[in-house]
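S.K.: If it helps, the file is called protein_8.cif and holds mmCIF, C-alpha atoms:
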```cif
data_input
loop_
_atom_site.label_atom_id
_atom_site.label_comp_id
_atom_site.auth_asym_id
_atom_site.auth_seq_id
_atom_site.Cartn_x
_atom_site.Cartn_y
_atom_site.Cartn_z
CA GLU A 29 46.89 -186.02 -100.29
CA ASN A 30 43.53 -187.46 -101.34
CA HIS A 31 41.82 -185.37 -98.67
CA ALA A 32 43.46 -182.20 -99.98
CA LYS A 33 42.40 -183.05 -103.55
CA ALA A 34 38.81 -183.67 -102.40
CA ILE A 35 38.68 -180.35 -100.58
CA ARG A 36 40.16 -178.42 -103.53
CA ALA A 37 37.73 -180.06 -105.97
CA SER A 38 34.79 -179.28 -103.68
CA LEU A 39 35.91 -175.68 -103.35
CA PHE A 40 36.06 -175.27 -107.13
CA GLN A 41 32.64 -176.89 -107.59
CA VAL A 42 31.09 -174.48 -105.09
CA ILE A 43 32.70 -171.51 -106.84
CA GLU A 44 31.57 -172.79 -110.26
CA ARG A 45 27.99 -172.82 -108.91
CA GLY A 46 28.47 -169.10 -108.25
CA VAL A 47 28.72 -169.27 -104.47
CA HIS A 48 31.39 -166.86 -103.24
CA THR A 49 32.25 -164.42 -100.47
CA GLY A 50 32.45 -160.68 -101.06
CA ASP A 51 36.23 -160.59 -101.48
CA PHE A 52 36.23 -162.63 -104.73
CA GLY A 53 33.96 -164.01 -107.39
CA SER A 54 31.72 -162.36 -109.91
CA PRO A 55 30.50 -158.90 -108.95
CA ASN A 56 27.31 -159.73 -110.89
CA SER A 57 26.22 -162.38 -108.41
CA GLU A 58 25.30 -161.96 -104.77
CA SER A 59 27.99 -162.87 -102.24
CA VAL A 60 27.50 -164.93 -99.07
CA GLY A 61 29.14 -164.78 -95.64
CA THR A 62 32.14 -166.88 -94.68
CA LYS A 63 30.07 -169.35 -92.61
CA GLU A 64 27.63 -169.97 -95.47
CA PHE A 65 30.51 -170.35 -97.95
CA ALA A 66 32.26 -172.88 -95.68
CA SER A 67 28.98 -174.71 -95.14
CA GLU A 68 28.50 -175.08 -98.91
CA ILE A 69 32.03 -176.51 -99.26
CA ILE A 70 31.38 -179.02 -96.46
CA LYS A 71 28.10 -180.11 -98.11
CA GLU A 72 29.96 -180.61 -101.40
CA ILE A 73 32.65 -182.71 -99.71
CA GLN A 74 30.02 -184.84 -97.99
CA LYS A 75 28.05 -185.28 -101.22
CA ASN A 76 30.88 -186.16 -103.59
CA TYR A 77 33.76 -187.48 -101.53
CA ILE A 78 32.35 -189.30 -98.53
CA ASP A 79 34.23 -192.50 -99.52
CA ILE A 80 37.57 -190.74 -99.08
CA LEU A 81 36.62 -189.61 -95.59
CA LYS A 82 35.54 -193.04 -94.28
CA THR A 83 36.17 -193.51 -90.60
CA SER A 84 38.02 -196.76 -91.31
CA THR A 85 41.06 -194.64 -92.25
CA PHE A 86 41.02 -193.01 -88.81
CA SER A 87 43.43 -194.41 -86.22
CA PRO A 88 42.94 -193.34 -82.63
CA PRO A 89 46.05 -192.08 -80.86
CA ILE A 90 48.19 -194.66 -79.11
CA MET A 91 48.41 -194.27 -75.35
CA LEU A 92 52.07 -194.06 -74.34
CA ASP A 93 53.57 -195.18 -71.03
CA GLU A 94 56.28 -192.52 -71.10
CA ASN A 95 57.26 -189.37 -72.95
CA ARG A 96 58.98 -189.78 -76.28
CA MET A 97 62.22 -187.91 -76.76
CA LEU A 98 62.29 -186.08 -80.07
CA SER A 99 65.67 -184.85 -81.23
CA SER A 100 65.58 -181.56 -83.07
CA SER A 101 68.81 -182.21 -84.88
CA ASN A 102 71.91 -184.34 -85.16
CA ALA A 103 73.87 -181.23 -86.02
CA ILE A 104 77.23 -180.42 -84.52
CA ILE A 105 76.80 -177.65 -81.94
CA GLU A 106 79.86 -175.55 -81.27
CA THR A 107 80.09 -172.73 -78.71
CA VAL A 108 82.02 -169.82 -80.20
CA GLY A 109 81.43 -167.04 -77.72
CA ILE A 110 79.40 -165.49 -74.98
CA ASP A 111 77.33 -162.36 -74.47
CA ILE A 112 77.67 -161.01 -70.96
CA PHE A 113 74.91 -158.63 -69.87
CA ILE A 114 76.21 -156.19 -67.26
CA GLU A 115 74.99 -153.25 -65.25
CA SER A 116 77.43 -150.36 -65.07
CA ASP A 117 77.63 -146.58 -64.87
CA ASP A 118 81.16 -146.73 -66.33
CA SER A 119 82.11 -145.72 -69.86
CA PRO A 120 82.39 -148.36 -72.58
CA GLU A 121 86.16 -147.71 -72.69
CA HIS A 122 86.48 -148.46 -68.97
CA ILE A 123 84.39 -151.65 -69.29
CA ALA A 124 86.57 -152.74 -72.24
CA SER A 125 89.75 -152.14 -70.24
CA VAL A 126 88.44 -154.28 -67.36
CA VAL A 127 87.40 -157.09 -69.69
CA LYS A 128 90.70 -157.03 -71.60
CA GLN A 129 92.68 -157.11 -68.36
CA TYR A 130 91.05 -160.39 -67.29
CA LEU A 131 90.35 -161.90 -70.71
CA ASP A 132 91.77 -165.32 -71.52
CA ALA A 133 94.46 -165.26 -74.23
CA ASP A 134 92.43 -167.41 -76.65
CA MET A 135 89.41 -165.08 -76.54
CA ASP A 136 88.70 -161.64 -78.05
CA LEU A 137 86.55 -158.80 -76.82
CA VAL A 138 84.58 -158.19 -80.02
CA THR A 139 82.12 -155.44 -79.16
CA ILE A 140 80.19 -153.70 -76.42
CA THR A 141 76.63 -152.56 -77.11
CA ASN A 142 74.15 -150.43 -75.23
CA ARG A 143 70.46 -150.65 -76.12
CA GLY A 144 71.44 -152.55 -79.28
CA THR A 145 73.87 -149.88 -80.50
CA GLN A 146 77.59 -150.52 -80.72
CA VAL A 147 79.48 -148.26 -78.30
CA TRP A 148 82.88 -150.02 -78.37
CA PRO A 149 85.30 -150.34 -80.20
CA SER A 150 83.58 -147.54 -82.06
CA GLY A 151 80.33 -145.70 -81.72
CA SER A 152 78.91 -142.22 -81.67
CA VAL A 153 79.45 -140.01 -78.62
CA PHE A 154 75.93 -138.72 -79.30
CA THR A 155 74.44 -142.09 -78.24
CA ASP A 156 72.69 -141.71 -74.89
CA LEU A 157 73.68 -144.64 -72.68
CA VAL A 158 71.78 -146.51 -70.02
CA ASP A 159 73.39 -148.58 -67.28
CA ASN A 160 72.98 -151.89 -69.17
CA PHE A 161 75.63 -153.14 -71.59
CA VAL A 162 76.25 -156.32 -73.53
CA VAL A 163 79.87 -157.42 -73.70
CA ARG A 164 80.51 -159.88 -76.55
CA ILE A 165 83.48 -162.20 -76.21
CA GLU A 166 84.32 -164.66 -78.98
CA ARG A 167 87.01 -167.25 -79.50
CA LYS A 168 89.98 -166.20 -81.55
CA SER A 169 89.48 -167.30 -85.13
CA GLY A 170 89.82 -171.02 -85.74
CA LEU A 171 90.30 -172.08 -82.12
CA VAL A 172 88.10 -174.69 -80.47
CA ILE A 173 87.02 -173.70 -76.97
CA LYS A 174 84.69 -175.76 -74.80
CA LYS A 175 81.50 -174.16 -73.49
CA LYS A 176 82.77 -174.53 -69.92
CA ARG A 177 85.66 -172.15 -70.65
CA PHE A 178 83.25 -169.37 -71.62
CA PHE A 179 81.40 -169.90 -68.33
CA GLU A 180 84.74 -169.75 -66.52
CA GLN A 181 85.55 -166.50 -68.32
CA ALA A 182 82.24 -165.01 -67.19
CA THR A 183 82.94 -166.22 -63.64
CA ALA A 184 86.38 -164.58 -63.69
CA LEU A 185 84.81 -161.27 -64.77
CA PHE A 186 82.07 -161.59 -62.16
CA ASP A 187 84.41 -160.17 -59.50
CA TYR A 188 84.90 -156.97 -61.57
CA LEU A 189 81.56 -156.44 -63.36
CA ARG A 190 77.92 -156.60 -62.21
CA ILE A 191 76.79 -159.48 -64.43
CA GLY A 192 73.04 -159.93 -64.71
CA SER A 193 72.90 -162.64 -67.37
CA ILE A 194 74.92 -164.54 -69.94
CA GLU A 195 74.05 -166.04 -73.29
CA MET A 196 76.10 -168.57 -75.23
CA LEU A 197 76.86 -167.94 -78.91
CA ILE A 198 76.64 -171.14 -80.94
CA MET A 199 77.27 -172.45 -84.43
CA LEU A 200 75.17 -175.31 -85.78
CA ASP A 201 76.97 -177.39 -88.42
CA GLY A 202 79.26 -174.43 -89.03
CA GLU A 203 76.40 -171.92 -89.46
CA ARG A 204 76.11 -168.98 -87.03
CA LYS A 205 72.94 -169.19 -84.91
CA TYR A 206 73.17 -165.82 -83.21
CA SER A 207 72.80 -162.28 -84.50
CA LEU A 208 75.77 -160.10 -85.13
CA ALA A 209 75.84 -157.07 -82.88
CA GLN A 210 75.11 -153.73 -84.54
CA GLY A 211 78.34 -152.66 -86.24
CA GLN A 212 79.97 -156.07 -85.81
CA ALA A 213 81.66 -157.52 -88.88
CA SER A 214 81.27 -161.23 -89.62
CA ARG A 215 84.38 -163.19 -88.67
#
```
Turn this file's structure into structure tokens for me.
M.R.:
Amino acid sequence: ENHAKAIRASLFQVIERGVHTGDFGSPNSESVGTKEFASEIIKEIQKNYIDILKTSTFSPPIMLDENRMLSSSNAIIETVGIDIFIESDDSPEHIASVVKQYLDADMDLVTITNRGTQVWPSGSVFTDLVDNFVVRIERKSGLVIKKKRFFEQATALFDYLRIGSIEMLIMLDGERKYSLAQGQASR
């Protein structure tokens, strides 16, 4: 904090002396380039605040014997669904019928998108489709389903759909950490 105060004070002293770049300051005085402006600030810091910047406050880094593990959060992570990326020339209605036929009873087919646009359960027939879809399956409201079950669901569908990739949908401390699909209502 003392370093920041010293730098701010030096900056203001340089400006008060009339040294400024072309993007601010008095139009009546000549401006300087960025390097010269920065050089003036550094000179001011060295002149007025050298005691704050003493090398005795510097601590060299400690050499570690092993990597430290840093935890990003102690939050509760809950898997609530899965996006299954598939390749298909079939219609969204056909894909939905296949998924529904093999879908576990505690899961819902929520939406199917194509190039980021919802094409099932509703969507415009004027949307040009490509052979890549995203099938979103979520748990039925309020149920707790382990992540492994979503993988098992994808594995069960693997025999009927050309799956290229999957992505887990998670909640962190009860807050959704995935984007809703276009047209998808929040549950």
S.K.: Could you tell me how far atom CA of Ile198 of chain A lies from atom CA of Val126 of chain A, in Å and to one decimal?
M.R.: 24.7 Å
S.K.: What gap, in Å, lies between atom CA of Val162 of chain A and atom CA of Leu200 of chain A?
M.R.: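 It comes out at 22.6 Å.
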S.K.: Please write as a list in words the full residue list that the PyMOL selection byres ((chain A and resi 70) around 12) yields on this file.
M.R.: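 Those residues are Ala34, Ile35, Arg36, Ala37, Ser38, Leu39, Gln41, Val42, Lys63, Glu64, Phe65, Ala66, Ser67, Glu68, Ile69, Lys71, Glu72, Ile73, Gln74, Lys75, Asn76, Tyr77, Ile78 and Leu81 of chain A.
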S.K.: List every protein, DNA or RNA residue that has an atom no more than 12 Å from (85.0, -165.7, -66.3) in the file's coordinate frame, counting only C-alpha atoms, and report them as a list in words.
M.R.: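 Residues satisfying the cut-off, written out: Ile110, Asp111, Ile112, Val126, Val127, Lys128, Gln129, Tyr130, Leu131, Asp132, Met135, Ile165, Lys175, Lys176, Arg177, Phe178, Phe179, Glu180, Gln181, Ala182, Thr183, Ala184, Leu185, Phe186, Asp187, Tyr188, Leu189, Ile191 and Ile194 of chain A.
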S.K.: Evaluate the PyMOL selection byres ((chain A and resi 140) around 10) here and jot the selected residues down as a ChimeraX atom specification.
M.R.: /A:111-113,120-121,123-124,137-139,141-142,144-151,161-165,209-210,212
S.K.: Can you work out the spacing between atom CA of Ser214 of chain A and atom CA of Ala133 of chain A in Å, to one decimal?
M.R.: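 Answer for the atom CA of Ser214 of chain A to atom CA of Ala133 of chain A separation: 20.7 Å.
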S.K.: Pick out the residues sitting within 7 Å of Asn160 of chain A, and hand them over as a list of chain:residue names; count only C-alpha atoms, and ignore anything fewer than 3 positions along from it in its own chain.
M.R.: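 Contacts, in chain order: A:Ile114, A:Glu115, A:Ser116, A:Asn142.
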S.K.: Find, counting only C-alpha atoms, the residue in A:Val172, A:Ala32, A:Ala213, A:Leu92 that gets nearest to Val108 of chain A.
M.R.: A:Val172
S.K.: Have a look at A:Glu166, A:Glu203, A:Gly211, A:Ile43 and name the one nearest to Gly109 of chain A; count all atoms listed in the file.
M.R.: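 With all atoms listed in the file as the atom set, the closest residue is A:Glu166.
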S.K.: Once 5 Å is added on each side, what centre and edge lengths in Å to one decimal does the axis-aligned box around all listed atoms of segment 121-135 of chain A have, as lines of an AutoDock Vina configuration file?
M.R.:
```
center_x = 89.4
center_y = -157.6
center_z = -72.0
size_x = 20.1
size_y = 29.7
size_z = 19.4
```
S.K.: The PyMOL selection byres ((chain A and resi 201) around 7) - which residues does that actually catch in the file I just gave you? List them as an MDAnalysis selection string.
M.R.: chainID A and resid 103:105 199:200 202:203
S.K.: Could you write out the selected residues, including C-alpha atoms, as a PDB file, keeping the file's coordinate frame?
M.R.:
```pdb
ATOM      1  CA  ALA A 103      73.870-181.230 -86.020  1.00  0.00           C
ATOM      2  CA  ILE A 104      77.230-180.420 -84.520  1.00  0.00           C
ATOM      3  CA  ILE A 105      76.800-177.650 -81.940  1.00  0.00           C
ATOM      4  CA  MET A 199      77.270-172.450 -84.430  1.00  0.00           C
ATOM      5  CA  LEU A 200      75.170-175.310 -85.780  1.00  0.00           C
ATOM      6  CA  GLY A 202      79.260-174.430 -89.030  1.00  0.00           C
ATOM      7  CA  GLU A 203      76.400-171.920 -89.460  1.00  0.00           C
TER       8      GLU A 203
END
```
S.K.: How would segment 189-211 of chain A look with N, CA and C atoms restored, written as a PDB file, in the frame of the given file?
M.R.:
```pdb
ATOM      1  N   LEU A 189      82.715-157.009 -62.664  1.00  0.00           N
ATOM      2  CA  LEU A 189      81.560-156.440 -63.360  1.00  0.00           C
ATOM      3  C   LEU A 189      80.276-156.958 -62.713  1.00  0.00           C
ATOM      4  N   ARG A 190      79.225-156.151 -62.725  1.00  0.00           N
ATOM      5  CA  ARG A 190      77.920-156.600 -62.210  1.00  0.00           C
ATOM      6  C   ARG A 190      77.195-157.341 -63.343  1.00  0.00           C
ATOM      7  N   ILE A 191      77.365-158.645 -63.361  1.00  0.00           N
ATOM      8  CA  ILE A 191      76.790-159.480 -64.430  1.00  0.00           C
ATOM      9  C   ILE A 191      75.374-159.870 -64.050  1.00  0.00           C
ATOM     10  N   GLY A 192      74.437-159.579 -64.938  1.00  0.00           N
ATOM     11  CA  GLY A 192      73.040-159.930 -64.710  1.00  0.00           C
ATOM     12  C   GLY A 192      72.635-161.207 -65.424  1.00  0.00           C
ATOM     13  N   SER A 193      73.281-161.481 -66.569  1.00  0.00           N
ATOM     14  CA  SER A 193      72.900-162.640 -67.370  1.00  0.00           C
ATOM     15  C   SER A 193      74.005-162.937 -68.372  1.00  0.00           C
ATOM     16  N   ILE A 194      74.001-164.168 -68.872  1.00  0.00           N
ATOM     17  CA  ILE A 194      74.920-164.540 -69.940  1.00  0.00           C
ATOM     18  C   ILE A 194      74.161-165.332 -70.996  1.00  0.00           C
ATOM     19  N   GLU A 195      74.657-165.290 -72.201  1.00  0.00           N
ATOM     20  CA  GLU A 195      74.050-166.040 -73.290  1.00  0.00           C
ATOM     21  C   GLU A 195      75.158-166.607 -74.154  1.00  0.00           C
ATOM     22  N   MET A 196      75.077-167.905 -74.431  1.00  0.00           N
ATOM     23  CA  MET A 196      76.100-168.570 -75.230  1.00  0.00           C
ATOM     24  C   MET A 196      75.847-168.297 -76.717  1.00  0.00           C
ATOM     25  N   LEU A 197      76.924-168.132 -77.460  1.00  0.00           N
ATOM     26  CA  LEU A 197      76.860-167.940 -78.910  1.00  0.00           C
ATOM     27  C   LEU A 197      77.251-169.251 -79.553  1.00  0.00           C
ATOM     28  N   ILE A 198      76.372-169.819 -80.376  1.00  0.00           N
ATOM     29  CA  ILE A 198      76.640-171.140 -80.940  1.00  0.00           C
ATOM     30  C   ILE A 198      76.622-171.133 -82.465  1.00  0.00           C
ATOM     31  N   MET A 199      77.310-172.136 -83.005  1.00  0.00           N
ATOM     32  CA  MET A 199      77.270-172.450 -84.430  1.00  0.00           C
ATOM     33  C   MET A 199      76.639-173.845 -84.531  1.00  0.00           C
ATOM     34  N   LEU A 200      75.815-174.041 -85.536  1.00  0.00           N
ATOM     35  CA  LEU A 200      75.170-175.310 -85.780  1.00  0.00           C
ATOM     36  C   LEU A 200      75.623-175.800 -87.146  1.00  0.00           C
ATOM     37  N   ASP A 201      76.382-176.883 -87.172  1.00  0.00           N
ATOM     38  CA  ASP A 201      76.970-177.390 -88.420  1.00  0.00           C
ATOM     39  C   ASP A 201      77.712-176.288 -89.173  1.00  0.00           C
ATOM     40  N   GLY A 202      78.451-175.473 -88.434  1.00  0.00           N
ATOM     41  CA  GLY A 202      79.260-174.430 -89.030  1.00  0.00           C
ATOM     42  C   GLY A 202      78.510-173.160 -89.406  1.00  0.00           C
ATOM     43  N   GLU A 203      77.201-173.096 -89.126  1.00  0.00           N
ATOM     44  CA  GLU A 203      76.400-171.920 -89.460  1.00  0.00           C
ATOM     45  C   GLU A 203      76.084-171.145 -88.175  1.00  0.00           C
ATOM     46  N   ARG A 204      76.340-169.840 -88.192  1.00  0.00           N
ATOM     47  CA  ARG A 204      76.110-168.980 -87.030  1.00  0.00           C
ATOM     48  C   ARG A 204      74.637-168.967 -86.673  1.00  0.00           C
ATOM     49  N   LYS A 205      74.317-169.190 -85.391  1.00  0.00           N
ATOM     50  CA  LYS A 205      72.940-169.190 -84.910  1.00  0.00           C
ATOM     51  C   LYS A 205      72.710-168.086 -83.879  1.00  0.00           C
ATOM     52  N   TYR A 206      73.370-166.996 -84.054  1.00  0.00           N
ATOM     53  CA  TYR A 206      73.170-165.820 -83.210  1.00  0.00           C
ATOM     54  C   TYR A 206      73.315-164.610 -84.111  1.00  0.00           C
ATOM     55  N   SER A 207      72.741-163.517 -83.704  1.00  0.00           N
ATOM     56  CA  SER A 207      72.800-162.280 -84.500  1.00  0.00           C
ATOM     57  C   SER A 207      74.097-161.563 -84.256  1.00  0.00           C
ATOM     58  N   LEU A 208      74.614-160.963 -85.294  1.00  0.00           N
ATOM     59  CA  LEU A 208      75.770-160.100 -85.130  1.00  0.00           C
ATOM     60  C   LEU A 208      75.296-158.840 -84.408  1.00  0.00           C
ATOM     61  N   ALA A 209      76.159-158.327 -83.557  1.00  0.00           N
ATOM     62  CA  ALA A 209      75.840-157.070 -82.880  1.00  0.00           C
ATOM     63  C   ALA A 209      75.875-155.949 -83.903  1.00  0.00           C
ATOM     64  N   GLN A 210      75.139-154.876 -83.627  1.00  0.00           N
ATOM     65  CA  GLN A 210      75.110-153.730 -84.540  1.00  0.00           C
ATOM     66  C   GLN A 210      76.540-153.245 -84.719  1.00  0.00           C
ATOM     67  N   GLY A 211      76.975-153.107 -85.947  1.00  0.00           N
ATOM     68  CA  GLY A 211      78.340-152.660 -86.240  1.00  0.00           C
ATOM     69  C   GLY A 211      79.378-153.748 -86.249  1.00  0.00           C
TER      70      GLY A 211
END
```
